[in-house]
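**Student:** Before I ask anything, let me first share the structure, which is written out below as structure tokens.
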Amino acid sequence: MCHTLKRFIKLHLVLFLLIGHSAATAQNALVLQTDFGVKDAAVATMRGVAFGVSPGLGIFDLTHEIPPYNIWEGAYRLEQTARYWPAGTVFVSVVDPGVGTDRKPVVLKTKSGHYFVTPDNGTLTLVSESLGIESVREIDEAVHRRADSGKSYTFHGRDVFAYTGAKLAAGIITFEEVGQELPPHVVKIERPEAAYRDNGVYGYVPILDIRYGNVWTNIDRELFGKLNADIGDVFLVTVRYNDTVLFSDEVPYVRTFGDVNVGEPLLYMNSLDKLSIAINMDDFAGTYGVQAGPDYKIEVRKRGTGN
Amino acid sequence: MCHTLKRFIKLHLVLFLLIGHSAATAQNALVLQTDFGVKDAAVATMRGVAFGVSPGLGIFDLTHEIPPYNIWEGAYRLEQTARYWPAGTVFVSVVDPGVGTDRKPVVLKTKSGHYFVTPDNGTLTLVSESLGIESVREIDEAVHRRADSGKSYTFHGRDVFAYTGAKLAAGIITFEEVGQELPPHVVKIERPEAAYRDNGVYGYVPILDIRYGNVWTNIDRELFGKLNADIGDVFLVTVRYNDTVLFSDEVPYVRTFGDVNVGEPLLYMNSLDKLSIAINMDDFAGTYGVQAGPDYKIEVRKRGTGN
Amino acid sequence: MCHTLKRFIKLHLVLFLLIGHSAATAQNALVLQTDFGVKDAAVATMRGVAFGVSPGLGIFDLTHEIPPYNIWEGAYRLEQTARYWPAGTVFVSVVDPGVGTDRKPVVLKTKSGHYFVTPDNGTLTLVSESLGIESVREIDEAVHRRADSGKSYTFHGRDVFAYTGAKLAAGIITFEEVGQELPPHVVKIERPEAAYRDNGVYGYVPILDIRYGNVWTNIDRELFGKLNADIGDVFLVTVRYNDTVLFSDEVPYVRTFGDVNVGEPLLYMNSLDKLSIAINMDDFAGTYGVQAGPDYKIEVRKRGTGN
């Protein structure tokens with residue numbers, strides 16, 4: 001009986017280890033972000049690959065509505081989200097206009113203990129600063145690419161990023177097994193400071209108030225004050241995508257949307273005390289094709305005074 | 001060996017309790033509803049907070065496409081959904097135009113055993129009636145607010161509602177631990193009965209046929225009959241948002257959409273036998289800015305007879 | 001003590017079986033596809049029913065943005081997705097214009113070991129070919145319909161398809177228990193081959209490039225070559241929905257979008273080497289109401305040569 005008991009205990013330990021392992025692999029979430037939208041099957045194939053790696057894995061969405069190829073907005077959404085997930089969470093972000101070029105597939109581990117699996121194309125600009133770089137590793141695609149991908153066509157979001165992220169979140173590979181360590185740097189998107197010069201203030205669009213299409217700038221109240229701006233004054237506002245003018249017109253600086261007629265543009269201070277541009281009861285960003293990012297440049301010059 | 005066995009059994013019971021507990025905490029779903037959309041990171045931060053509370057928790061979406069601040073539609077979607085989830089399910093609904101005012105953060109437990117975590121602003125109008133009020137408790141924000149929130153800014157959807165809902169669903173707190181019990185009442189949105197007077201019928205828009213933008217009313221076939229309505233008759237239809245006229249024109253009462261030209265409005269009886277308004281091959285609600293709710297008022301008066 | 005030990009072991013085996021069963025039921029994913037959108041509660045009620053069947057079940061979305069009643073696109077998305085999910089995955093697809101008619105509710109088991117729960121209305125056209133038919137069974141609605149549905153109204157997506165799919169994925173019923181076996185055939189949507197005749201090429205729209213609204217055809221480079229097409233040549237392009245003309249105009253065949261002015265249509269070869277139609281910086285499909293499917297027919301005839 002002693003022998004029986006020992007065998008029983010051994011069997012139990014094995015079973016517990018199995019159960020324990022299965023439980024452990026479900027502890028770290030996998031959070032997906034793309035610019036794919038959800039109308040086609042691309043995101044669902046990423047979920048399928050991740051589920052196939054580990055059926056117990058918690059698979060979540062950040063958003064899939066990043067505007068196509070807008071790396072900046074991807075960076076911004078990661079920054080807004082990451083700190084609300086526990087350490088160990090693995091974010092996979094695929095906004096990848098450079099697929100097929102030499103941008104590196106990487107995993108960033110931040111000092112906060114979060115992981116970011118992404119092409120290193122600027123997506124990590126903000127979280128690398130706010131959460132701190134612990135280490136960066138290049139994904140070894142020879143090892144971490146789905147077995148039956150790559151014959152003719154590799155969809156990196158699915159075959160490399162979701163696949164590697166799922167293995168990391170599930171504890172099937174360690175961070176060290178991702179691939180070789182790189183110098184602790186990531187590709188950064190340049191962000192010029194907002195500035196005053198020659199009777200104008202200059203900034204960019206860090207983010208849209210996306211549900212309403214309002215354009216937020218990085219020009220704060222103090223800087224705008226250098227134009228001696230008073231409520232009711234009219235300004236010449238120009239919005240450019242790099243050198244292309246998207247909007248240029250006179251716009252009044254008002255207290256609330258209702259101070260202009262329906263359908264007319266306005267300048268106002270948003271809840272973060274930054275200068276913002278809107279259309280009363282309409283979508284400024286959609287109307288003029290404005291998105292978020294340092295490439296969307298704002299110029300505000302004093303033109304006249306209000307009535 | 002007897003001693004060894006006893007220790008082994010004790011150890012086992014502890015392990016089983018741990019595993020059992022972990023399994024138990026995953027039994028109740030957390031179902032999220034907001035008016036935030038999914039283009040930005042707000043919903044993802046709510047998911048992150050809930051996951052951080054309990055990694056094994058089932059986290060689901062009802063919808064995040066409630067029109068901004070439309071409390072009525074939030075109430076309606078809860079009513080449509082709740083009965084299809086098992087007792088014990090915790091719904092978190094955040095449609096909260098009054099954030100920062102004195103509306104109370106509450107948890108409603110219904111007689112059906114469902115929980116609703118929400119600002120008490122009318123969101124509970126329908127489920128409180130259909131599922132019955134078992135008890136209402138006010139969320140004690142001093143206890144149930146995320147530890148590192150509240151320094152400068154609290155996002156209630158994430159820091160109070162998702163956080164409290166997740167703890168309740170995971171069994172980390174009991175319903176009694178939510179906060180003090182309130183009288184068994186919730187804030188209700190007033191819903192006037194549809195009525196006939198002076199050759200007109202009057203009602204409101206309980207819900208849109210949202211995929212097509214058709215406007216459903218609470219005017220049923222019998223009430224409409226008081227206008228001696230025949231197929232082909234033309235009516236003067238007015239749609240108001242409170243006192244603002246959104247639409248006012250002559251509209252024929254027809255059997256099917258194809259009875260009017262493409263792009264023209266029509267009156268018809270929907271599958272619930274309620275009078276409804278549409279545009280053939282277009283979106284009536286979107287075109288005229290009509291949403292669901294008692295504030296969207298319908299007036300139908302007889303004008304002439306069809307050709 | 002021997003007796004105690006035996007009882008302990010027996011208790012353990014029961015507990016392990018319970019735990020093991022609970023773990024096993026979570027191994028197969030349930031993947032939902034509909035044309036319902038996510039603005040109302042329909043999808044959430046399907047999730048609720050599935051969760052109620054088995055709280056540990058992994059419930060995922062393929063997409064809910066299939067255009068209303070577009071069975072073809074549902075078929076196409078299943079085809080794109082299924083192979084990236086492990087064998088045993090249960091797909092529930094509800095694009096069901098014929099609800100209430102005699103289309104059969106079925107479960108297809110493919111040779112690859114995937115399950116598809118759907119009305120047999122053409123949705124299975126593509127996966128039945130690519131993954132192979134192992135067996136088809138008709139869902140016995142007398143057995144597999146939610147207990148409290150069917151009194152007055154049954155929502156098949158929720159009460160039959162999601163309910164049966166969840167039971168199958170959770171291992172609560174076997175495939176054999178779904179209902180009687182049918183002959184190994186499914187309803188197929190006819191797909192005419194692209195063809196050349198009388199100085200024209202004829203095809204249909206297998207799928208849209210949905211994020212941009214570009215229309216892809218099944219006309220490949222070789223077939224198009226029969227028109228002696230050169231870059232810069234202008235063609236008369238006609239798009240029909242069955243016999244209704246949606247678009248008919250002269251369109252140049254160009255190398256890149258930028259070869260025509262903003263807002264003008266163009267013909268180009270897509271990444272799959274198929275002839276495609278777009279508007280530079282705009283949405284061709286949305287503008288002209290083109291969707292995917294064999295009912296959307298393309299005719300391209302040579303008209304003149306470019307400048």
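Starting from 1 in every chain, residues are counted up; chains themselves are A, B, ... following the order of the structure tokens, and ligands are numbered from 1 as listed.
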Write out, as a tab-separated table, each residue of chain A that has an atom at most 6 Å from chain B, together with the closest pair of atoms and their distance in Å to one decimal, counting only C-alpha atoms, rows going by chain and rising number.
**Tutor:**
```
residue	atom	partner	partner_atom	distance
A:Gln27	CA	B:Pro55	CA	5.8
A:Leu62	CA	B:Ala44	CA	5.0
A:Glu65	CA	B:Lys39	CA	5.2
A:Arg77	CA	B:Ala41	CA	5.7
A:Thr81	CA	B:Thr45	CA	5.4
A:Tyr84	CA	B:Gly48	CA	5.3
A:Trp85	CA	B:Gly48	CA	4.4
A:Pro86	CA	B:Gly52	CA	5.6
```
**Student:** The selected residues should be written to file as a short mmCIF file (atom, residue, chain, number, x, y, z; two decimals), in the first residue's frame (atoms: all heavy atoms).
**Tutor:**
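Output (result38.cif):
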```cif
data_model
loop_
_atom_site.label_atom_id
_atom_site.label_comp_id
_atom_site.auth_asym_id
_atom_site.auth_seq_id
_atom_site.Cartn_x
_atom_site.Cartn_y
_atom_site.Cartn_z
N GLN A 27 -2.58 33.39 -17.54
CA GLN A 27 -2.51 34.56 -16.67
C GLN A 27 -2.18 35.86 -17.41
O GLN A 27 -2.56 36.92 -16.97
CB GLN A 27 -1.47 34.32 -15.56
CG GLN A 27 -1.83 33.18 -14.64
CD GLN A 27 -3.21 33.34 -14.01
OE1 GLN A 27 -3.47 34.31 -13.32
NE2 GLN A 27 -4.11 32.40 -14.27
N LEU A 62 -7.45 45.90 -28.40
CA LEU A 62 -7.30 47.30 -28.07
C LEU A 62 -8.23 48.05 -29.03
O LEU A 62 -9.32 48.43 -28.66
CB LEU A 62 -5.83 47.73 -28.22
CG LEU A 62 -5.41 48.98 -27.44
CD1 LEU A 62 -3.92 49.17 -27.47
CD2 LEU A 62 -6.11 50.25 -27.87
N GLU A 65 -9.32 49.95 -35.35
CA GLU A 65 -9.76 51.09 -36.15
C GLU A 65 -8.72 52.20 -36.24
O GLU A 65 -9.06 53.36 -36.49
CB GLU A 65 -11.07 51.64 -35.56
CG GLU A 65 -12.20 50.62 -35.47
CD GLU A 65 -12.64 50.06 -36.81
OE1 GLU A 65 -12.44 50.73 -37.84
OE2 GLU A 65 -13.17 48.92 -36.83
N ARG A 77 -2.46 55.18 -29.04
CA ARG A 77 -3.42 54.29 -28.39
C ARG A 77 -2.73 53.33 -27.43
O ARG A 77 -3.27 52.99 -26.36
CB ARG A 77 -4.24 53.53 -29.43
CG ARG A 77 -5.09 54.39 -30.35
CD ARG A 77 -6.02 55.32 -29.60
NE ARG A 77 -6.75 56.21 -30.52
CZ ARG A 77 -7.33 57.35 -30.12
NH1 ARG A 77 -7.28 57.75 -28.86
NH2 ARG A 77 -7.96 58.10 -31.00
N THR A 81 -3.40 53.07 -23.28
CA THR A 81 -3.97 51.82 -22.78
C THR A 81 -3.08 51.05 -21.83
O THR A 81 -3.54 50.48 -20.84
CB THR A 81 -4.29 50.90 -23.97
OG1 THR A 81 -5.03 51.62 -24.93
CG2 THR A 81 -5.09 49.69 -23.52
N TYR A 84 -3.06 50.46 -17.93
CA TYR A 84 -4.25 49.92 -17.26
C TYR A 84 -4.32 48.40 -17.33
O TYR A 84 -5.27 47.80 -16.85
CB TYR A 84 -5.52 50.56 -17.84
CG TYR A 84 -5.51 52.05 -17.58
CD1 TYR A 84 -5.17 52.94 -18.59
CD2 TYR A 84 -5.76 52.53 -16.31
CE1 TYR A 84 -5.10 54.30 -18.33
CE2 TYR A 84 -5.69 53.89 -16.04
CZ TYR A 84 -5.36 54.76 -17.05
OH TYR A 84 -5.28 56.10 -16.79
N TRP A 85 -3.34 47.79 -17.96
CA TRP A 85 -3.23 46.33 -17.98
C TRP A 85 -2.09 45.94 -17.07
O TRP A 85 -1.09 46.65 -16.95
CB TRP A 85 -2.98 45.83 -19.41
CG TRP A 85 -4.17 46.00 -20.30
CD1 TRP A 85 -4.58 47.15 -20.92
CD2 TRP A 85 -5.13 45.01 -20.66
NE1 TRP A 85 -5.73 46.92 -21.63
CE2 TRP A 85 -6.09 45.62 -21.49
CE3 TRP A 85 -5.27 43.65 -20.35
CZ2 TRP A 85 -7.17 44.91 -22.02
CZ3 TRP A 85 -6.34 42.95 -20.87
CH2 TRP A 85 -7.29 43.58 -21.70
N PRO A 86 -2.19 44.76 -16.45
CA PRO A 86 -1.13 44.37 -15.51
C PRO A 86 0.20 44.09 -16.20
O PRO A 86 0.25 43.82 -17.40
CB PRO A 86 -1.68 43.09 -14.86
CG PRO A 86 -2.89 42.69 -15.60
CD PRO A 86 -3.32 43.82 -16.47
#
```
**Student:** Find the residues near Asp220 of chain C: any atom within 7 Å, counting only C-alpha atoms, skip ones fewer than 6 places away on the same chain, and give them as a list in words.
**Tutor:**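 Residues near the query, excluding close chain neighbours: Asp273, Lys274 and Leu275 of chain C.
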**Student:** Mind giving me the straight-line distance from atom CA of Trp216 of chain A to atom CA of Ser128 of chain A in Å, one decimal?
**Tutor:**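 These atoms are spaced 23.0 Å apart.
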**Student:** Show which residues sit within 7 Å of Pro206 of chain B, as a list in words. Count only C-alpha atoms, and ignore same-chain residues fewer than 4 positions away.
**Tutor:** Trp216, Thr217, Asn218, Ala292, Gly293 and Pro294 of chain B
**Student:** I need the residues from that last selection saved to file as a JSON list (two decimals), in the first residue's frame (with N, CA and C atoms), if you can.
**Tutor:**
```
[["chain", "number", "residue", "atom", "x", "y", "z"],
["B", 216, "TRP", "N", -38.86, 53.39, -35.84],
["B", 216, "TRP", "CA", -40.03, 52.70, -35.30],
["B", 216, "TRP", "C", -40.71, 53.59, -34.27],
["B", 217, "THR", "N", -42.04, 53.54, -34.21],
["B", 217, "THR", "CA", -42.76, 54.32, -33.21],
["B", 217, "THR", "C", -43.48, 53.39, -32.25],
["B", 218, "ASN", "N", -44.05, 53.96, -31.20],
["B", 218, "ASN", "CA", -44.87, 53.18, -30.27],
["B", 218, "ASN", "C", -46.37, 53.29, -30.60],
["B", 292, "ALA", "N", -33.30, 57.08, -30.96],
["B", 292, "ALA", "CA", -34.33, 56.46, -30.13],
["B", 292, "ALA", "C", -34.52, 57.23, -28.85],
["B", 293, "GLY", "N", -35.72, 57.20, -28.33],
["B", 293, "GLY", "CA", -35.98, 57.77, -27.02],
["B", 293, "GLY", "C", -37.26, 58.59, -26.98],
["B", 294, "PRO", "N", -37.80, 58.76, -25.77],
["B", 294, "PRO", "CA", -39.04, 59.53, -25.61],
["B", 294, "PRO", "C", -38.90, 60.99, -26.02]]
```
**Student:** Can you tell me which residues surround Val251 of chain B at a distance of at most 6 Å, considering only C-alpha atoms, apart from same-chain residues fewer than 3 positions away, and format the answer as a PyMOL selection string?
**Tutor:** chain B and resi 234-235+266
**Student:** I need the helix (DSSP H, G or I) residues of segment 170-224 of chain A per DSSP on the backbone, written as a PyMOL selection string.
**Tutor:** chain A and resi 176-178+221-224
**Student:** Have a look at atom CA of Met269 of chain B and atom CA of Thr123 of chain B and let me know their distance in Å, one decimal.
**Tutor:**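 Going from atom CA of Met269 of chain B over to atom CA of Thr123 of chain B, I get 28.1 Å.
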